[in-house]
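**Student:** This is coords_37.cif (mmCIF, C-alpha atoms).
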```
data_entry
#
loop_
_atom_site.label_atom_id
_atom_site.label_comp_id
_atom_site.auth_asym_id
_atom_site.auth_seq_id
_atom_site.Cartn_x
_atom_site.Cartn_y
_atom_site.Cartn_z
CA MET A 195 0.00 0.00 0.00
CA ARG A 196 1.34 3.43 -0.95
CA ARG A 197 1.66 6.01 1.86
CA THR A 198 1.44 9.77 1.51
CA SER A 199 4.57 11.56 2.58
CA PRO A 200 3.95 13.46 5.85
CA GLY A 201 6.22 16.27 4.60
CA TRP A 202 3.91 17.03 1.65
CA ALA A 203 0.71 17.16 3.75
CA GLY A 204 2.44 19.31 6.37
CA SER A 205 3.61 21.78 3.71
CA ILE A 206 0.09 22.19 2.32
CA ALA A 207 -1.34 22.71 5.83
CA ALA A 208 1.34 25.31 6.67
CA LEU A 209 0.67 27.16 3.40
CA LEU A 210 -3.09 27.33 3.99
CA LEU A 211 -2.58 28.46 7.58
CA GLY A 212 -0.17 31.20 6.46
CA VAL A 213 -2.62 32.49 3.84
CA PHE A 214 -5.45 32.49 6.37
CA LEU A 215 -3.47 34.32 9.05
CA SER A 216 -2.16 36.94 6.63
CA GLY A 217 -5.73 38.13 6.06
CA CYS A 218 -5.94 37.27 2.37
CA PHE A 219 -9.48 35.96 2.88
CA PHE A 220 -10.67 39.25 4.41
CA SER A 221 -11.06 42.77 3.10
CA PRO A 222 -8.83 45.35 4.79
CA ARG A 223 -10.45 47.17 7.67
CA ASP A 224 -11.78 50.65 6.94
CA PRO A 225 -9.79 53.28 8.86
CA ARG A 226 -11.70 54.66 11.84
CA PRO A 227 -12.38 58.40 12.08
CA GLY A 228 -9.81 60.12 14.27
CA GLY A 229 -6.92 57.83 13.42
CA GLY A 230 -4.07 59.36 11.41
CA SER A 231 -4.67 59.40 7.68
CA GLY A 232 -8.16 57.97 8.26
CA VAL A 233 -9.41 61.22 9.86
CA VAL A 234 -12.80 62.21 8.49
CA CYS A 235 -12.86 65.92 7.69
CA LEU A 236 -16.21 67.12 6.40
CA THR A 237 -16.20 69.39 3.37
CA PRO A 238 -17.15 72.84 4.72
CA ASN A 239 -20.25 73.23 2.54
CA THR A 240 -22.19 74.71 5.47
CA PRO A 241 -21.40 76.45 8.75
CA GLU A 242 -22.69 73.29 10.46
CA ALA A 243 -20.00 71.19 8.73
CA VAL A 244 -17.34 73.67 9.85
CA LEU A 245 -18.62 73.49 13.42
CA SER A 246 -18.69 69.68 13.34
CA ASN A 247 -15.03 69.64 12.30
CA VAL A 248 -14.11 72.09 15.07
CA ILE A 249 -15.88 69.98 17.69
CA ALA A 250 -14.43 66.68 16.47
CA ARG A 251 -10.88 67.76 15.62
CA TYR A 252 -9.83 70.52 18.05
CA ALA A 253 -6.87 69.42 20.25
CA SER A 254 -6.49 66.10 18.39
CA VAL A 255 -3.03 65.42 16.96
CA ALA A 256 -4.54 63.55 14.01
CA GLY A 257 -7.16 66.26 13.50
CA VAL A 258 -5.09 69.47 13.70
CA THR A 259 -4.91 69.84 9.91
CA CYS A 260 -8.67 69.41 9.54
CA TYR A 261 -9.34 71.93 12.32
CA THR A 262 -7.01 74.58 10.90
CA GLN A 263 -8.47 74.13 7.41
CA MET A 264 -11.73 75.48 8.85
CA LEU A 265 -10.03 78.84 9.53
CA ASP A 266 -10.07 81.55 6.88
CA ALA A 267 -6.81 83.26 5.89
CA THR A 268 -8.18 86.37 7.64
CA PHE A 269 -8.98 84.51 10.89
CA ALA A 270 -8.69 86.52 14.11
CA PHE A 271 -9.27 85.44 17.71
CA HIS A 272 -10.36 87.96 20.35
CA PRO A 273 -10.27 86.99 24.04
CA ASP A 274 -12.68 87.99 26.75
CA ALA A 275 -11.75 91.48 27.98
CA SER A 276 -11.07 90.24 31.52
CA ASP A 277 -8.89 87.39 30.24
CA SER A 278 -6.92 89.94 28.24
CA ILE A 279 -6.43 92.25 31.25
CA GLN A 280 -5.30 89.39 33.48
CA ALA A 281 -3.06 87.73 30.87
CA LEU A 282 0.62 87.16 31.56
CA PRO A 283 2.51 88.14 29.62
CA ASP A 284 0.17 90.96 28.68
CA THR A 285 0.95 90.45 24.99
CA VAL A 286 -0.12 86.79 24.90
CA TYR A 287 -3.27 87.53 22.86
CA ALA A 288 -1.64 90.06 20.50
CA ASN A 289 -2.14 89.57 16.76
CA TRP A 290 -3.90 86.22 17.15
CA ASN A 291 -4.31 85.11 13.54
CA ARG A 292 -4.57 81.77 11.75
CA ASP A 293 -0.83 81.12 12.03
CA ILE A 294 -0.86 81.69 15.81
CA GLU A 295 -4.00 79.54 16.20
CA THR A 296 -2.41 76.72 14.19
CA ARG A 297 0.74 76.69 16.29
CA ASP A 298 -1.23 77.04 19.50
CA VAL A 299 -3.63 74.15 18.81
CA SER A 300 -0.70 71.98 17.68
CA ASN A 301 1.00 72.58 21.05
CA LEU A 302 -2.19 71.74 22.90
CA ALA A 303 -2.87 68.62 20.83
CA SER A 304 0.60 67.24 21.54
CA ASN A 305 0.01 67.73 25.29
CA ALA A 306 -3.63 66.69 25.67
CA THR A 307 -4.52 63.16 26.75
CA PHE A 308 -8.30 63.64 26.48
CA HIS A 309 -10.52 66.25 24.87
CA THR A 310 -14.15 66.81 24.09
CA ALA A 311 -15.86 69.98 22.88
CA SER A 312 -19.47 71.01 22.55
CA PHE A 313 -21.36 74.04 21.33
CA ASP A 314 -24.35 73.55 23.58
CA SER A 315 -26.78 76.20 22.33
CA GLU A 316 -27.11 79.54 20.59
CA TYR A 317 -27.66 82.28 23.15
CA ALA A 318 -28.70 84.99 20.67
CA ALA A 319 -30.26 85.23 17.21
CA ARG A 320 -27.96 84.79 14.24
CA VAL A 321 -26.88 87.82 12.22
CA ILE A 322 -26.90 87.05 8.49
CA SER A 323 -25.67 89.43 5.80
CA SER A 324 -27.98 90.48 2.98
CA ASP A 325 -26.01 88.39 0.48
CA GLN A 326 -26.28 85.35 2.83
CA ARG A 327 -22.50 84.77 2.69
CA THR A 328 -21.61 85.98 6.19
CA GLN A 329 -23.16 84.66 9.39
CA ILE A 330 -22.40 85.53 13.00
CA ARG A 331 -23.56 82.86 15.42
CA PHE A 332 -23.57 83.18 19.19
CA TYR A 333 -22.74 79.95 21.00
CA ALA A 334 -22.57 78.77 24.59
CA TYR A 335 -19.81 76.16 24.74
CA HIS A 336 -17.96 73.83 27.05
CA LEU A 337 -14.69 72.06 26.53
CA VAL A 338 -13.12 69.30 28.62
CA ILE A 339 -9.35 68.91 28.30
CA HIS A 340 -6.91 66.76 30.24
CA ALA A 341 -3.44 68.20 29.69
CA SER A 342 -0.39 68.61 31.87
CA GLN A 343 0.06 72.36 31.37
CA VAL A 344 -3.34 73.30 32.83
CA SER A 345 -4.84 72.30 36.17
CA ASP A 346 -8.39 73.03 35.02
CA THR A 347 -10.22 70.40 32.98
CA LEU A 348 -13.47 72.27 32.21
CA PHE A 349 -13.46 75.40 30.07
CA GLN A 350 -16.75 77.14 29.45
CA GLY A 351 -18.02 80.38 27.99
CA LEU A 352 -19.56 82.09 25.00
CA ALA A 353 -18.21 82.31 21.47
CA ASP A 354 -19.38 84.75 18.82
CA VAL A 355 -18.21 83.04 15.64
CA THR A 356 -18.27 84.62 12.19
CA PHE A 357 -18.56 82.28 9.20
CA PHE A 358 -17.85 83.44 5.65
CA GLN A 359 -18.68 81.67 2.39
CA GLY A 360 -15.92 82.14 -0.19
CA ALA A 361 -16.10 82.16 -3.98
CA ASP A 362 -15.58 78.38 -3.91
CA ALA A 363 -18.88 78.06 -1.96
CA GLN A 364 -17.03 76.73 1.10
CA TRP A 365 -17.43 78.24 4.56
CA HIS A 366 -14.64 79.19 6.95
CA ILE A 367 -14.32 80.96 10.29
CA THR A 368 -13.07 84.52 9.96
CA ASN A 369 -13.59 85.80 13.51
CA TRP A 370 -13.95 84.29 16.99
CA VAL A 371 -14.83 86.50 19.96
CA ASP A 372 -14.53 84.68 23.28
CA LYS A 373 -16.51 85.71 26.38
CA ARG A 374 -16.94 84.62 29.96
CA ASP A 375 -20.43 83.35 30.76
CA GLY A 376 -20.75 84.21 34.45
CA SER A 377 -20.22 80.62 35.61
CA GLY A 378 -16.75 81.31 36.97
CA ALA A 379 -15.23 78.66 34.69
CA ARG A 380 -12.11 79.40 32.69
CA THR A 381 -12.73 80.20 29.02
CA TRP A 382 -11.50 78.64 25.81
CA GLY A 383 -9.39 81.77 25.42
CA PHE A 384 -7.72 81.15 28.79
CA LEU A 385 -6.81 77.65 27.60
CA ARG A 386 -5.45 79.00 24.31
CA ALA A 387 -3.18 81.45 26.15
CA ARG A 388 -1.53 78.65 28.14
CA TYR A 389 -0.26 77.09 24.91
CA ARG A 390 1.07 80.18 23.17
CA VAL A 391 4.67 79.63 24.17
CA GLY A 392 7.64 81.04 22.26
CA PHE A 393 5.70 82.74 19.48
#
```
Take the structure I supplied and represent it as C-alpha cells, if you would.
**Tutor:**
Amino acid sequence: MRRTSPGWAGSIAALLLGVFLSGCFFSPRDPRPGGGSGVVCLTPNTPEAVLSNVIARYASVAGVTCYTQMLDATFAFHPDASDSIQALPDTVYANWNRDIETRDVSNLASNATFHTASFDSEYAARVISSDQRTQIRFYAYHLVIHASQVSDTLFQGLADVTFFQGADAQWHITNWVDKRDGSGARTWGFLRARYRVGF
C-alpha cells in the first residue's frame, strides 16, 4: 500500500494556515475616524459642517490639519476682555491670527490626553448678511481637556463666531470673539493662552 509523505501534507497545511493568518481571505479594515490618515474631515459646505469639524478635531493630533483648514486666511481670535487684562505676559493675545491659532492648537494637541468639545446652544439670534454669505452665530460652549500644562479640565463660555462663504462656496471661520459666561469657569481663550509659548 502506498503512503502519503507526511512532509507534503504538512507543507500544504502550513501554506493554507499562512494564507489564512495573513488576512488574504478578508477585506482590509476601513480606517476609523480620528486615526491618522483615516481622519474624516467634512467638506465645509455649510457652517454646520465647519462646526462639526471644530468639535471633532480641536486638540487632536490627528485632527489638527482638519481643524485649521476650517479657519479663513483672515482669521482673528479675540479673548474675553477680563482674560486679556489678566493675561501674563500681557501680549499673549496680541495679533492672534490663523498662524498663531495653528501653532497654539498643535502645542495643545501634543500635550492633551483627552478632549471633548461642545457648542451647547445659541444664546442669541444669528446675524446674516444680505447676500447670505456671512453669518455671525452666538454659541454657549464647554470644553473638557486633560493636559499637563493646565490644572483646570473644564473650560466654558460664550463664542461669537463669524462664518464666511468664499467664492468656492465653502465656509470658513473669519472671527472668533470669546466671552466669559458668568459661571466662573475658565474660558476657551484662557486655555489658548496657556499654549502660546515662544511665538
**Student:** Run the PyMOL selection byres ((chain A and resi 369-379) around 7) mentally over the shown coordinates, then write out the matched residues as a ChimeraX atom specification, using the chain letters and numbers from the document.
**Tutor:** /A:269-274,349-356,367-368,380-381,383
**Student:** Near Ala253 in chain A, counting all atoms listed in the file, which residues have an atom at most 10 Å away, once you skip same-chain residues fewer than 5 positions from it, shown as a VMD selection string?
**Tutor:** chain A and resid 248 258 261 298 to 311 339
**Student:** I'd like to know which of A:Ser312, A:Gln359, A:Gln280, A:Ser323 is closest to His336 in chain A, using all atoms listed in the file.
**Tutor:**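 The shortest atom-to-atom distance to His336 in chain A comes from A:Ser312.
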**Student:** Can you work out which one of A:Ala361, A:Ala341, A:Ala387, A:Ile322 has the shortest atom-to-atom distance to Leu282 in chain A, counting only C-alpha atoms?
**Tutor:** A:Ala387
**Student:** In Å, with one decimal, what is the gap from CA of Pro238 in chain A to CA of Tyr287 in chain A?
**Tutor:** 27.2 Å
**Student:** Just give me the gap between CA of Cys260 in chain A and CA of Arg320 in chain A in Å, one decimal is fine.
**Tutor:** 25.1 Å
**Student:** Figure out the distance between CA of Ser345 in chain A and CA of Phe332 in chain A, please, to one decimal in Å.
**Tutor:**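 Computed distance, CA of Phe332 in chain A to CA of Ser345 in chain A, equals 27.5 Å.
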**Student:** For each of A:Asn291, A:Arg390, A:Tyr252, A:Trp365, take the minimum atom-to-atom distance to Gln329 in chain A, counting only C-alpha atoms, then give the residue where this is smallest.
**Tutor:**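 For Gln329 in chain A, the nearest of the given residues is A:Trp365.
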**Student:** Between A:His340, A:Tyr317, A:Val391, A:Asp293, which one has atoms that come closest to Ser254 in chain A, using only C-alpha atoms?
**Tutor:**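 Ranking A:His340, A:Tyr317, A:Val391, A:Asp293 by distance to Ser254 in chain A, first place goes to A:His340.
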**Student:** Neighbours of Gly360 in chain A within 10 Å (all atoms listed in the file; same-chain residues fewer than 4 positions away dropped), as a ChimeraX atom specification?
**Tutor:** /A:266,327-328,364-366
**Student:** Using the chain letters and numbers from this file, what does the PyMOL selection byres ((chain A and resi 235) around 10) select? Give the answer as a CSV table (one decimal) with C-alpha atoms, in the frame of the given file.
**Tutor:**
```csv
chain,number,residue,atom,x,y,z
A,227,PRO,CA,-12.4,58.4,12.1
A,228,GLY,CA,-9.8,60.1,14.3
A,232,GLY,CA,-8.2,58.0,8.3
A,233,VAL,CA,-9.4,61.2,9.9
A,234,VAL,CA,-12.8,62.2,8.5
A,236,LEU,CA,-16.2,67.1,6.4
A,237,THR,CA,-16.2,69.4,3.4
A,238,PRO,CA,-17.2,72.8,4.7
A,243,ALA,CA,-20.0,71.2,8.7
A,244,VAL,CA,-17.3,73.7,9.8
A,246,SER,CA,-18.7,69.7,13.3
A,247,ASN,CA,-15.0,69.6,12.3
A,248,VAL,CA,-14.1,72.1,15.1
A,250,ALA,CA,-14.4,66.7,16.5
A,251,ARG,CA,-10.9,67.8,15.6
A,257,GLY,CA,-7.2,66.3,13.5
A,259,THR,CA,-4.9,69.8,9.9
A,260,CYS,CA,-8.7,69.4,9.5
A,261,TYR,CA,-9.3,71.9,12.3
A,263,GLN,CA,-8.5,74.1,7.4
A,264,MET,CA,-11.7,75.5,8.8
```
